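Chemist: One file: upload.txt (compact mmCIF, C-alpha atoms).
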```txt
# COMPACT_ATOMS: atom_id res chain seq x y z
CA MET Z 1 -32.78 -10.03 -20.94
CA LEU Z 2 -33.56 -11.67 -17.62
CA ASP Z 3 -36.42 -13.69 -19.07
CA ARG Z 4 -34.08 -14.88 -21.82
CA ILE Z 5 -31.64 -16.19 -19.23
CA ILE Z 6 -34.42 -17.83 -17.25
CA SER Z 7 -35.83 -19.48 -20.33
CA GLU Z 8 -32.38 -20.65 -21.37
CA ALA Z 9 -31.24 -21.90 -17.99
CA PRO Z 10 -32.89 -25.34 -18.15
CA ARG Z 11 -31.31 -25.91 -21.56
CA PHE Z 12 -27.92 -24.81 -20.27
CA PHE Z 13 -27.79 -26.61 -16.94
CA THR Z 14 -28.12 -30.06 -18.48
CA TYR Z 15 -26.17 -33.08 -17.31
CA TYR Z 16 -23.73 -33.12 -20.23
CA ASN Z 17 -22.96 -29.42 -20.11
CA MET Z 18 -22.25 -29.70 -16.41
CA VAL Z 19 -20.00 -32.75 -16.88
CA PHE Z 20 -18.18 -30.84 -19.62
CA LEU Z 21 -17.64 -27.83 -17.37
CA LEU Z 22 -16.63 -29.89 -14.35
CA GLU Z 23 -14.14 -31.93 -16.37
CA ALA Z 24 -12.66 -28.67 -17.65
CA MET Z 25 -12.52 -27.39 -14.07
CA GLY Z 26 -10.68 -30.57 -13.11
CA ARG Z 27 -8.15 -29.88 -15.84
CA THR Z 28 -7.63 -26.34 -14.56
CA LEU Z 29 -7.02 -27.75 -11.09
CA LEU Z 30 -4.70 -30.45 -12.42
CA MET Z 31 -2.63 -27.90 -14.37
CA THR Z 32 -2.36 -25.72 -11.28
CA LEU Z 33 -1.38 -28.59 -9.00
CA ILE Z 34 1.26 -29.98 -11.35
CA GLY Z 35 2.54 -26.50 -12.13
CA VAL Z 36 2.81 -25.44 -8.51
CA SER Z 37 4.34 -28.67 -7.20
CA LEU Z 38 6.89 -28.96 -10.00
CA GLY Z 39 7.47 -25.22 -9.70
CA PHE Z 40 8.23 -25.63 -6.02
CA VAL Z 41 10.73 -28.43 -6.61
CA LEU Z 42 12.44 -26.46 -9.39
CA GLY Z 43 12.24 -23.22 -7.45
CA PHE Z 44 13.85 -24.90 -4.49
CA MET Z 45 16.69 -26.10 -6.70
CA LEU Z 46 17.05 -22.63 -8.20
CA ASP Z 47 17.27 -21.07 -4.78
CA PHE Z 48 19.78 -23.66 -3.65
CA ALA Z 49 21.83 -22.86 -6.74
CA ARG Z 50 21.70 -19.16 -5.85
CA ARG Z 51 23.07 -19.90 -2.38
CA THR Z 52 26.08 -21.94 -3.41
CA PRO Z 53 29.25 -20.52 -1.88
CA GLY Z 54 32.58 -19.66 -3.41
CA ARG Z 55 33.80 -18.41 -6.73
CA ALA Z 56 33.67 -21.79 -8.47
CA TRP Z 57 29.86 -21.74 -8.42
CA LEU Z 58 29.55 -18.16 -9.66
CA PRO Z 59 28.30 -19.13 -13.16
CA LEU Z 60 25.58 -21.29 -11.60
CA ARG Z 61 24.56 -18.46 -9.29
CA LEU Z 62 24.41 -16.00 -12.17
CA ALA Z 63 22.45 -18.40 -14.35
CA ALA Z 64 19.89 -19.04 -11.61
CA THR Z 65 19.49 -15.31 -10.89
CA LEU Z 66 19.17 -14.53 -14.57
CA TYR Z 67 16.53 -17.24 -14.98
CA VAL Z 68 14.45 -15.97 -12.07
CA GLU Z 69 14.70 -12.30 -13.01
CA THR Z 70 13.96 -12.97 -16.67
CA PHE Z 71 10.91 -15.16 -16.36
CA ARG Z 72 9.28 -13.00 -13.74
CA ARG Z 73 9.29 -10.17 -16.25
CA ILE Z 74 7.72 -11.90 -19.24
CA PRO Z 75 3.94 -12.23 -19.53
CA PHE Z 76 2.60 -15.75 -19.35
CA LEU Z 77 0.89 -15.35 -22.72
CA VAL Z 78 4.20 -14.57 -24.43
CA ILE Z 79 5.87 -17.58 -22.77
CA LEU Z 80 3.03 -19.77 -23.99
CA PHE Z 81 3.54 -18.63 -27.56
CA ILE Z 82 7.32 -19.07 -27.41
CA VAL Z 83 7.09 -22.57 -25.92
CA LEU Z 84 4.42 -23.62 -28.41
CA PHE Z 85 6.27 -22.45 -31.46
CA ALA Z 86 9.70 -23.50 -30.23
CA ILE Z 87 8.40 -27.03 -29.74
CA GLN Z 88 6.67 -27.08 -33.10
CA GLY Z 89 9.62 -25.43 -34.81
CA PHE Z 90 11.94 -28.15 -33.63
CA ARG Z 91 9.39 -30.85 -34.46
CA PHE Z 92 8.94 -32.40 -31.07
CA SER Z 93 5.51 -33.89 -30.72
CA VAL Z 94 4.07 -32.67 -27.46
CA SER Z 95 0.35 -32.34 -26.79
CA LEU Z 96 -1.14 -28.90 -26.21
CA PHE Z 97 -1.60 -29.82 -22.57
CA GLY Z 98 2.12 -30.64 -22.43
CA VAL Z 99 3.00 -27.29 -23.99
CA ALA Z 100 0.88 -25.47 -21.44
CA MET Z 101 2.48 -27.50 -18.65
CA ILE Z 102 6.01 -26.63 -19.79
CA ALA Z 103 5.12 -22.94 -19.98
CA ILE Z 104 3.49 -23.05 -16.55
CA CYS Z 105 6.50 -24.78 -14.99
CA VAL Z 106 8.92 -22.26 -16.51
CA ILE Z 107 7.01 -19.38 -14.94
CA SER Z 108 6.06 -21.03 -11.67
CA SER Z 109 9.62 -22.16 -10.91
CA ALA Z 110 10.80 -18.56 -11.24
CA PHE Z 111 8.04 -17.27 -8.93
CA CYS Z 112 8.48 -20.11 -6.43
CA ALA Z 113 12.21 -19.44 -6.29
CA GLU Z 114 11.41 -15.91 -5.10
CA ILE Z 115 8.94 -17.12 -2.46
CA ILE Z 116 11.43 -19.68 -1.19
CA ARG Z 117 14.19 -17.11 -1.21
CA ALA Z 118 12.13 -14.77 0.97
CA GLY Z 119 11.51 -17.68 3.34
CA PHE Z 120 15.15 -18.63 3.59
CA ASP Z 121 16.22 -15.01 3.92
CA SER Z 122 14.12 -14.83 7.06
CA ILE Z 123 16.55 -17.27 8.67
CA HIS Z 124 19.52 -15.35 9.95
CA GLN Z 125 22.98 -16.07 8.58
CA THR Z 126 24.23 -16.92 12.08
CA GLN Z 127 22.11 -20.04 12.03
CA TRP Z 128 23.90 -21.27 8.92
CA ASP Z 129 27.20 -20.42 10.58
CA THR Z 130 26.29 -22.19 13.81
CA ALA Z 131 25.23 -25.26 11.89
CA ALA Z 132 28.51 -25.16 9.97
CA VAL Z 133 30.41 -25.00 13.25
CA MET Z 134 28.53 -28.06 14.41
CA ASN Z 135 29.78 -29.82 11.30
CA PHE Z 136 26.45 -29.90 9.45
CA GLY Z 137 26.65 -30.16 5.66
CA ARG Z 138 24.75 -27.64 3.54
CA LEU Z 139 21.93 -30.07 2.83
CA GLN Z 140 21.80 -31.16 6.45
CA THR Z 141 21.57 -27.55 7.60
CA LEU Z 142 18.76 -26.99 5.14
CA ARG Z 143 16.89 -30.09 6.26
CA HIS Z 144 17.31 -29.83 10.03
CA VAL Z 145 17.78 -26.12 10.72
CA VAL Z 146 16.46 -23.88 7.98
CA LEU Z 147 13.39 -25.66 6.62
CA PRO Z 148 11.69 -26.25 9.99
CA GLN Z 149 11.75 -22.48 10.55
CA ALA Z 150 11.34 -21.18 7.01
CA TRP Z 151 8.19 -23.06 6.05
CA ARG Z 152 6.13 -20.70 8.21
CA VAL Z 153 7.23 -17.81 6.03
CA ILE Z 154 6.96 -19.75 2.79
CA LEU Z 155 3.51 -21.28 3.22
CA PRO Z 156 1.16 -18.23 3.28
CA PRO Z 157 2.47 -16.60 0.08
CA ALA Z 158 2.57 -20.06 -1.51
CA PHE Z 159 -1.20 -20.22 -1.22
CA ALA Z 160 -1.61 -16.75 -2.65
CA PHE Z 161 0.63 -17.88 -5.48
CA MET Z 162 -1.50 -20.97 -6.09
CA VAL Z 163 -4.62 -18.83 -6.38
CA MET Z 164 -2.75 -16.61 -8.81
CA PHE Z 165 -1.91 -19.66 -10.88
CA ILE Z 166 -5.46 -20.98 -10.97
CA LYS Z 167 -6.28 -17.66 -12.56
CA ASP Z 168 -3.29 -17.60 -14.87
CA THR Z 169 -4.04 -21.00 -16.37
CA ALA Z 170 -7.05 -19.28 -17.96
CA LEU Z 171 -4.60 -17.98 -20.56
CA ALA Z 172 -3.86 -21.56 -21.65
CA SER Z 173 -7.31 -21.45 -23.27
CA GLN Z 174 -5.63 -19.43 -26.02
CA LEU Z 175 -3.69 -22.53 -27.06
CA GLY Z 176 -6.82 -24.66 -27.10
CA VAL Z 177 -6.25 -26.61 -23.92
CA VAL Z 178 -9.74 -27.56 -22.79
CA GLU Z 179 -9.74 -25.96 -19.36
CA LEU Z 180 -12.45 -23.93 -17.71
CA THR Z 181 -12.16 -20.75 -19.78
CA PHE Z 182 -11.96 -22.70 -23.03
CA ALA Z 183 -15.02 -24.72 -22.03
CA GLY Z 184 -16.81 -21.43 -21.47
CA LYS Z 185 -15.82 -20.23 -24.93
CA VAL Z 186 -17.01 -23.50 -26.49
CA LEU Z 187 -20.39 -23.30 -24.78
CA SER Z 188 -20.72 -19.64 -25.68
CA THR Z 189 -20.04 -20.32 -29.38
CA ARG Z 190 -22.57 -23.12 -29.17
CA GLY Z 191 -25.12 -20.36 -28.76
CA PHE Z 192 -25.79 -20.17 -25.06
CA SER Z 193 -26.17 -16.75 -23.53
CA ALA Z 194 -22.72 -15.33 -22.74
CA ILE Z 195 -23.99 -13.93 -19.46
CA LEU Z 196 -25.04 -17.40 -18.39
CA VAL Z 197 -21.91 -19.16 -19.62
CA PHE Z 198 -19.24 -16.75 -18.40
CA GLY Z 199 -21.19 -16.10 -15.22
CA THR Z 200 -21.06 -19.84 -14.48
CA VAL Z 201 -17.39 -20.01 -15.38
CA LEU Z 202 -16.62 -17.11 -13.04
CA VAL Z 203 -18.52 -18.83 -10.24
CA LEU Z 204 -16.62 -22.09 -10.83
CA TYR Z 205 -13.26 -20.29 -10.72
CA PHE Z 206 -14.39 -18.65 -7.52
CA VAL Z 207 -15.31 -22.04 -6.05
CA LEU Z 208 -11.81 -23.27 -6.88
CA SER Z 209 -9.78 -20.39 -5.54
CA TYR Z 210 -11.79 -18.94 -2.67
CA PRO Z 211 -11.16 -21.86 -0.24
CA LEU Z 212 -7.47 -21.69 -1.07
CA SER Z 213 -7.19 -17.97 -0.43
CA ARG Z 214 -9.14 -18.34 2.82
CA LEU Z 215 -6.78 -21.13 3.88
CA GLY Z 216 -3.80 -18.94 2.96
CA GLY Z 217 -5.19 -16.01 4.97
CA TRP Z 218 -5.84 -18.27 7.94
CA LEU Z 219 -2.33 -19.69 7.81
CA GLU Z 220 -0.90 -16.18 7.60
CA ARG Z 221 -2.70 -15.10 10.78
CA ARG Z 222 -1.94 -18.40 12.47
CA LEU Z 223 1.75 -18.49 11.68
CA ALA Z 224 2.45 -14.77 11.94
CA PRO Z 225 2.99 -14.28 15.71
CA SER Z 226 5.81 -16.80 15.91
CA ARG Z 227 7.59 -14.93 13.14
CA GLY Z 228 8.43 -11.82 15.12
CA ARG Z 229 11.45 -13.13 16.95
CA MET C 230 16.10 -29.94 -35.66
CA THR C 231 15.57 -28.12 -38.89
CA TYR C 232 14.81 -24.60 -37.86
CA THR C 233 16.83 -21.66 -39.14
CA PHE C 234 16.54 -18.49 -37.16
CA GLN C 235 16.01 -15.29 -39.11
CA TRP C 236 16.32 -12.52 -36.57
CA GLY C 237 16.32 -9.81 -39.21
CA GLU C 238 12.70 -10.57 -39.97
CA ALA C 239 11.79 -9.80 -36.40
CA LEU C 240 14.11 -6.86 -35.85
CA LYS C 241 12.77 -5.17 -38.97
CA HIS C 242 9.54 -4.58 -37.04
CA LEU C 243 11.19 -3.23 -33.91
CA PRO C 244 9.74 0.31 -34.13
CA TYR C 245 6.24 -1.12 -34.61
CA LEU C 246 6.73 -3.36 -31.57
CA LEU C 247 8.05 -0.48 -29.46
CA GLY C 248 4.95 1.50 -30.35
CA GLY C 249 2.98 -1.40 -28.94
CA ALA C 250 5.12 -1.37 -25.81
CA TRP C 251 4.16 2.28 -25.31
CA LEU C 252 0.49 1.33 -25.52
CA SER C 253 1.11 -1.46 -22.97
CA LEU C 254 2.63 1.03 -20.57
CA VAL C 255 -0.22 3.49 -21.12
CA LEU C 256 -2.77 0.74 -20.49
CA ALA C 257 -0.98 -0.29 -17.30
CA PHE C 258 -0.72 3.37 -16.21
CA LEU C 259 -4.43 4.03 -16.74
CA GLY C 260 -5.34 0.73 -15.11
CA PHE C 261 -3.13 1.50 -12.14
CA TRP C 262 -4.45 5.00 -11.46
CA GLY C 263 -8.05 4.00 -12.07
CA GLY C 264 -7.55 1.10 -9.72
CA ALA C 265 -5.75 3.28 -7.18
CA LEU C 266 -8.76 5.63 -7.09
CA ILE C 267 -11.21 2.76 -6.57
CA GLY C 268 -8.78 1.26 -4.07
CA LEU C 269 -8.60 4.51 -2.12
CA PHE C 270 -12.38 4.65 -1.76
CA GLY C 271 -12.48 0.94 -1.03
CA ALA C 272 -9.80 1.14 1.63
CA VAL C 273 -11.36 4.18 3.29
CA GLY C 274 -14.71 2.43 3.23
CA LYS C 275 -13.26 -0.72 4.67
CA VAL C 276 -11.36 0.98 7.47
CA TYR C 277 -13.67 3.85 8.44
CA GLY C 278 -17.01 2.86 6.93
CA GLY C 279 -19.75 1.03 8.76
CA ARG C 280 -20.50 -2.65 8.69
CA LEU C 281 -22.58 -2.48 5.53
CA ILE C 282 -19.94 -0.62 3.51
CA TYR C 283 -17.31 -3.05 4.78
CA ARG C 284 -19.41 -5.97 3.54
CA ILE C 285 -20.02 -4.44 0.11
CA VAL C 286 -16.35 -3.62 -0.44
CA ASP C 287 -15.35 -7.03 0.85
CA VAL C 288 -17.63 -8.83 -1.61
CA TYR C 289 -16.17 -6.77 -4.45
CA VAL C 290 -12.57 -7.47 -3.41
CA VAL C 291 -13.08 -11.17 -2.76
CA PHE C 292 -14.90 -11.71 -6.03
CA PHE C 293 -12.39 -9.88 -8.21
CA THR C 294 -9.27 -11.30 -6.59
CA ASN C 295 -10.52 -14.87 -6.83
CA THR C 296 -11.55 -15.01 -10.47
CA PRO C 297 -9.31 -14.63 -13.53
CA ALA C 298 -9.07 -11.18 -15.08
CA LEU C 299 -9.30 -12.84 -18.48
CA VAL C 300 -12.74 -14.31 -17.79
CA GLN C 301 -13.89 -11.03 -16.28
CA ILE C 302 -12.95 -9.27 -19.49
CA PHE C 303 -14.64 -12.02 -21.49
CA PHE C 304 -17.74 -11.30 -19.49
CA LEU C 305 -17.50 -7.56 -20.15
CA PHE C 306 -16.77 -8.06 -23.82
CA TYR C 307 -19.17 -10.87 -24.76
CA ALA C 308 -21.88 -10.81 -22.13
CA LEU C 309 -22.63 -7.11 -21.73
CA PRO C 310 -23.75 -6.70 -25.39
CA GLU C 311 -26.70 -8.92 -24.44
CA VAL C 312 -27.85 -6.15 -22.12
CA GLY C 313 -27.19 -3.59 -24.82
CA ILE C 314 -23.80 -2.31 -23.63
CA LEU C 315 -21.30 -2.52 -26.47
CA LEU C 316 -17.70 -1.90 -25.44
CA SER C 317 -14.74 -1.50 -27.76
CA PRO C 318 -11.92 -4.00 -27.08
CA PHE C 319 -9.76 -1.28 -25.55
CA THR C 320 -12.48 -0.03 -23.18
CA ALA C 321 -13.46 -3.56 -22.19
CA VAL C 322 -9.86 -4.44 -21.33
CA LEU C 323 -9.32 -1.13 -19.56
CA ILE C 324 -12.48 -1.49 -17.45
CA GLY C 325 -11.51 -5.07 -16.63
CA LEU C 326 -8.02 -4.06 -15.55
CA VAL C 327 -9.28 -1.08 -13.53
CA LEU C 328 -11.84 -3.19 -11.66
CA ASN C 329 -9.23 -5.88 -11.07
CA SER C 330 -6.49 -3.62 -9.85
CA GLY C 331 -9.06 -1.70 -7.80
CA ALA C 332 -9.69 -4.87 -5.84
CA TYR C 333 -6.00 -5.57 -5.24
CA LEU C 334 -5.20 -1.95 -4.45
CA THR C 335 -8.03 -1.78 -1.93
CA GLU C 336 -6.31 -4.47 0.08
CA ILE C 337 -2.84 -2.98 -0.36
CA GLN C 338 -3.95 0.53 0.66
CA ARG C 339 -5.93 -0.82 3.59
CA ALA C 340 -2.73 -2.38 4.89
CA GLY C 341 -1.14 1.07 4.62
CA PHE C 342 -3.94 2.78 6.58
CA THR C 343 -3.90 0.25 9.38
CA SER C 344 -0.12 0.57 9.70
CA VAL C 345 -0.51 4.07 11.19
CA ARG C 346 -1.14 3.56 14.89
CA GLN C 347 -3.53 5.77 16.81
CA THR C 348 -0.88 6.49 19.43
CA GLU C 349 1.41 8.02 16.82
CA ILE C 350 -1.28 10.47 15.75
CA GLU C 351 -1.97 11.30 19.40
CA ALA C 352 1.72 11.86 20.01
CA ALA C 353 1.81 14.26 17.05
CA GLU C 354 -1.21 16.13 18.45
CA VAL C 355 0.53 16.46 21.82
CA LEU C 356 3.52 17.97 20.07
CA GLY C 357 1.18 20.65 18.74
CA MET C 358 1.15 19.63 15.11
CA SER C 359 -1.73 20.82 12.95
CA LEU C 360 -3.77 18.36 10.95
CA ALA C 361 -1.89 19.25 7.75
CA GLN C 362 1.40 18.69 9.55
CA ILE C 363 0.26 15.37 10.91
CA VAL C 364 -0.73 14.22 7.43
CA ARG C 365 2.50 15.56 5.95
CA TYR C 366 4.99 14.34 8.54
CA VAL C 367 3.37 11.33 10.19
CA ILE C 368 0.73 9.66 8.05
CA VAL C 369 2.11 10.03 4.53
CA PRO C 370 5.69 8.86 5.29
CA HIS C 371 4.25 5.92 7.16
CA ILE C 372 1.88 4.88 4.42
CA ALA C 373 4.51 5.47 1.74
CA LYS C 374 6.94 3.21 3.51
CA THR C 375 4.51 0.32 3.93
CA LEU C 376 2.93 0.72 0.55
CA TYR C 377 5.88 1.39 -1.65
CA ALA C 378 7.13 -2.17 -2.21
CA PRO C 379 3.76 -3.88 -2.81
CA LEU C 380 2.60 -1.00 -5.04
CA SER C 381 5.63 -1.10 -7.29
CA SER C 382 5.58 -4.87 -7.66
CA PHE C 383 1.87 -4.64 -8.39
CA TYR C 384 2.56 -2.13 -11.13
CA ILE C 385 5.01 -4.53 -12.79
CA TRP C 386 2.45 -7.29 -12.50
CA LEU C 387 -0.07 -5.01 -14.18
CA VAL C 388 2.29 -4.26 -17.08
CA LEU C 389 2.57 -8.00 -17.66
CA GLY C 390 -1.19 -8.36 -17.26
CA THR C 391 -1.88 -5.96 -20.13
CA SER C 392 -0.70 -8.66 -22.54
CA MET C 393 -4.19 -10.09 -22.08
CA ALA C 394 -5.49 -7.23 -24.20
CA ALA C 395 -4.01 -8.97 -27.25
CA ILE C 396 -6.67 -11.67 -26.98
CA PHE C 397 -9.34 -9.06 -27.59
CA GLY C 398 -7.52 -7.51 -30.53
CA VAL C 399 -6.00 -4.48 -28.85
CA GLU C 400 -2.75 -3.73 -30.64
CA GLU C 401 -0.41 -3.43 -27.71
CA LEU C 402 2.94 -5.22 -27.55
CA THR C 403 1.68 -8.80 -27.60
CA GLY C 404 -1.08 -7.92 -30.05
CA ARG C 405 1.41 -6.40 -32.47
CA ALA C 406 3.69 -9.43 -32.07
CA ILE C 407 0.78 -11.66 -33.05
CA ASN C 408 0.08 -9.39 -36.04
CA ILE C 409 3.66 -9.61 -37.27
CA SER C 410 4.08 -13.32 -36.70
CA SER C 411 0.88 -14.09 -38.57
CA THR C 412 2.24 -12.37 -41.65
CA ASN C 413 5.85 -13.52 -41.67
CA PHE C 414 5.56 -16.81 -39.71
CA ARG C 415 8.73 -16.03 -37.73
CA THR C 416 6.94 -16.60 -34.46
CA ILE C 417 9.86 -17.69 -32.29
CA GLU C 418 11.99 -14.73 -33.31
CA VAL C 419 9.18 -12.19 -33.02
CA PHE C 420 8.08 -13.44 -29.63
CA SER C 421 11.64 -13.64 -28.30
CA VAL C 422 12.13 -9.99 -29.25
CA THR C 423 8.77 -9.23 -27.63
CA ALA C 424 9.86 -10.99 -24.44
CA LEU C 425 13.06 -8.93 -24.39
CA ILE C 426 11.04 -5.74 -24.80
CA TYR C 427 8.83 -6.76 -21.88
CA ILE C 428 11.92 -7.35 -19.75
CA ALA C 429 13.29 -3.98 -20.80
CA ILE C 430 10.11 -2.02 -20.08
CA THR C 431 9.53 -3.69 -16.72
CA ILE C 432 13.11 -3.00 -15.65
CA LEU C 433 12.66 0.58 -16.85
CA ALA C 434 9.43 0.88 -14.87
CA SER C 435 11.10 -0.62 -11.78
CA ALA C 436 13.97 1.84 -12.09
CA VAL C 437 11.65 4.84 -12.44
CA LEU C 438 9.58 3.63 -9.47
CA ALA C 439 12.73 3.12 -7.41
CA LEU C 440 13.89 6.67 -8.17
CA ILE C 441 10.47 8.11 -7.29
CA GLY C 442 10.49 6.07 -4.10
CA ARG C 443 13.94 7.22 -3.16
CA TYR C 444 13.50 10.93 -3.77
CA ALA C 445 9.83 11.53 -3.14
CA PHE C 446 9.15 9.16 -0.27
CA ARG C 447 12.62 8.43 1.11
CA VAL C 448 12.09 4.72 0.73
CA ARG C 449 15.19 2.67 0.10
CA ALA C 450 14.07 0.75 -2.94
CA LYS C 451 15.83 -1.95 -4.85
CA ILE C 452 15.45 -2.23 -8.59
CA PHE C 453 15.89 -5.98 -8.52
```
Spit out the file's structure as structure tokens when you get a sec.

Modeler:
Amino acid sequence: MLDRIISEAPRFFTYYNMVFLLEAMGRTLLMTLIGVSLGFVLGFMLDFARRTPGRAWLPLRLAATLYVETFRRIPFLVILFIVLFAIQGFRFSVSLFGVAMIAICVISSAFCAEIIRAGFDSIHQTQWDTAAVMNFGRLQTLRHVVLPQAWRVILPPAFAFMVMFIKDTALASQLGVVELTFAGKVLSTRGFSAILVFGTVLVLYFVLSYPLSRLGGWLERRLAPSRGR
Amino acid sequence: MTYTFQWGEALKHLPYLLGGAWLSLVLAFLGFWGGALIGLFGAVGKVYGGRLIYRIVDVYVVFFTNTPALVQIFFLFYALPEVGILLSPFTAVLIGLVLNSGAYLTEIQRAGFTSVRQTEIEAAEVLGMSLAQIVRYVIVPHIAKTLYAPLSSFYIWLVLGTSMAAIFGVEELTGRAINISSTNFRTIEVFSVTALIYIAITILASAVLALIGRYAFRVRAKIF
């Protein structure tokens, strides 16, 4: 077994195979980055919608809560299938990458909304009230009072979430988006030893996510003491 | 915009889908308890073990939490036959989930262990409590309180994670949905119903966990 891997290794680690894998790795990273940044913007809006005051905004609040609670309880794979077939059923022409992106954004906005909510919940209601007394608008309060304090709580889980998403994009290989897992499947069907191929893929995923989780852990330790006020 | 929904086609298969949901829950249950056992050993090793054991457990945890479960299962399912180990789809997925949740649960349970402070145990000793009493009245309530929330949200995450088994041909909820939709081509309807079932079973699981938390561990737990 080991001698088979050793004899195959020079054939596997060729320039073109490596370029193929690295390009696929780039696509995994790109999907994660777009998904997480769009997810954060949308999640922020969702959380803002959940915090609107008064009875007039009740439908908006309910809709935002329903969205968040629903999409955090559906597996990513199922969302992928629904998005794919809904788009094809209604005859929009969107590339497979686009389909995967839409599915990722749907899920990531729901998860980000929860992270942001936890961050904003850490800011006591009195601060909102004080800001209101000082004639701050809601957006002004958010920008000048809440965000400068809440980002410390939001940032560490955001990194953990990003690592989670690097791993979740692996499911997009089921659609045929050429990301890291799909590249591994292609190389494995091309006849290379599965141990070699999937071992390499695992290592590449590790290279992507380990620095991020270390950074997240470091931020958590770094930002934690100032939290206990 | 020329799509006509035919929900009857999907609802006809509801009992079949619910059977799959049961398998999903069973898979998550087995994965959780298998992982909890590994996690217990891992956490004990990490907190009380020597430097070497700490290192070994740490490598395991770091590796499994930083690579996708899907690729790990691919490895188990496609690579191990080269060494002569043939796993059925169900076993491969189960082993993958157990190893994965073992890594996460090691970290979660370690957080629980370190939340009990030495001084609290000393205080209990001063009060004349026996070891069994200390475990019963000091350590367990403490650990339960810190661990309850992350454990129950991890369980929900695991239920969702079992949908990966469909890729390997295990006929759990997602797998059965794929089976149905490939015979009647009503994919949107079938998968919408599937999504609703997932929502229902995760809410059910949350509710059960919240009740257990409230009555067994006196943790005030929210369902949502």

Chemist: At a cut-off of 10 Å, using only C-alpha atoms, what residues contact Leu252 in chain C? Leave out same-chain residues fewer than 5 positions from it and give the result as a PyMOL selection string.

Modeler: chain C and resi 246-247+257-258+391+399-402

Chemist: Using all atoms listed in the file, find which residues of chain Z lie within 8 Å of chain C and jot them down as JSON, numbers by chain.

Modeler: {"Z": [1, 69, 70, 73, 74, 75, 76, 77, 78, 79, 81, 82, 85, 86, 89, 90, 91, 163, 166, 167, 168, 170, 171, 174, 181, 193, 194, 195, 198, 199, 201, 202, 203, 205, 206, 209, 210, 213]}

Chemist: Tell me, in Å to one decimal, how far CA of Gln125 in chain Z is from CA of Leu147 in chain Z.

Modeler: 13.7 Å

Chemist: Would you mind reading off the distance between CA of Phe383 in chain C and CA of Val273 in chain C, one decimal, in Å?

Modeler: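 Taking CA of Phe383 in chain C and CA of Val273 in chain C, their separation equals 19.7 Å.
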
Chemist: Mind giving me the straight-line distance from CA of Pro156 in chain Z to CA of Arg222 in chain Z in Å, one decimal?

Modeler: 9.7 Å

Chemist: If you count only C-alpha atoms, which residues fall within 7 Å of Gln338 in chain C, apart from same-chain ones fewer than 2 positions away, as a VMD selection string?

Modeler: chain C and resid 268 to 269 272 334 to 336 340 to 342 376
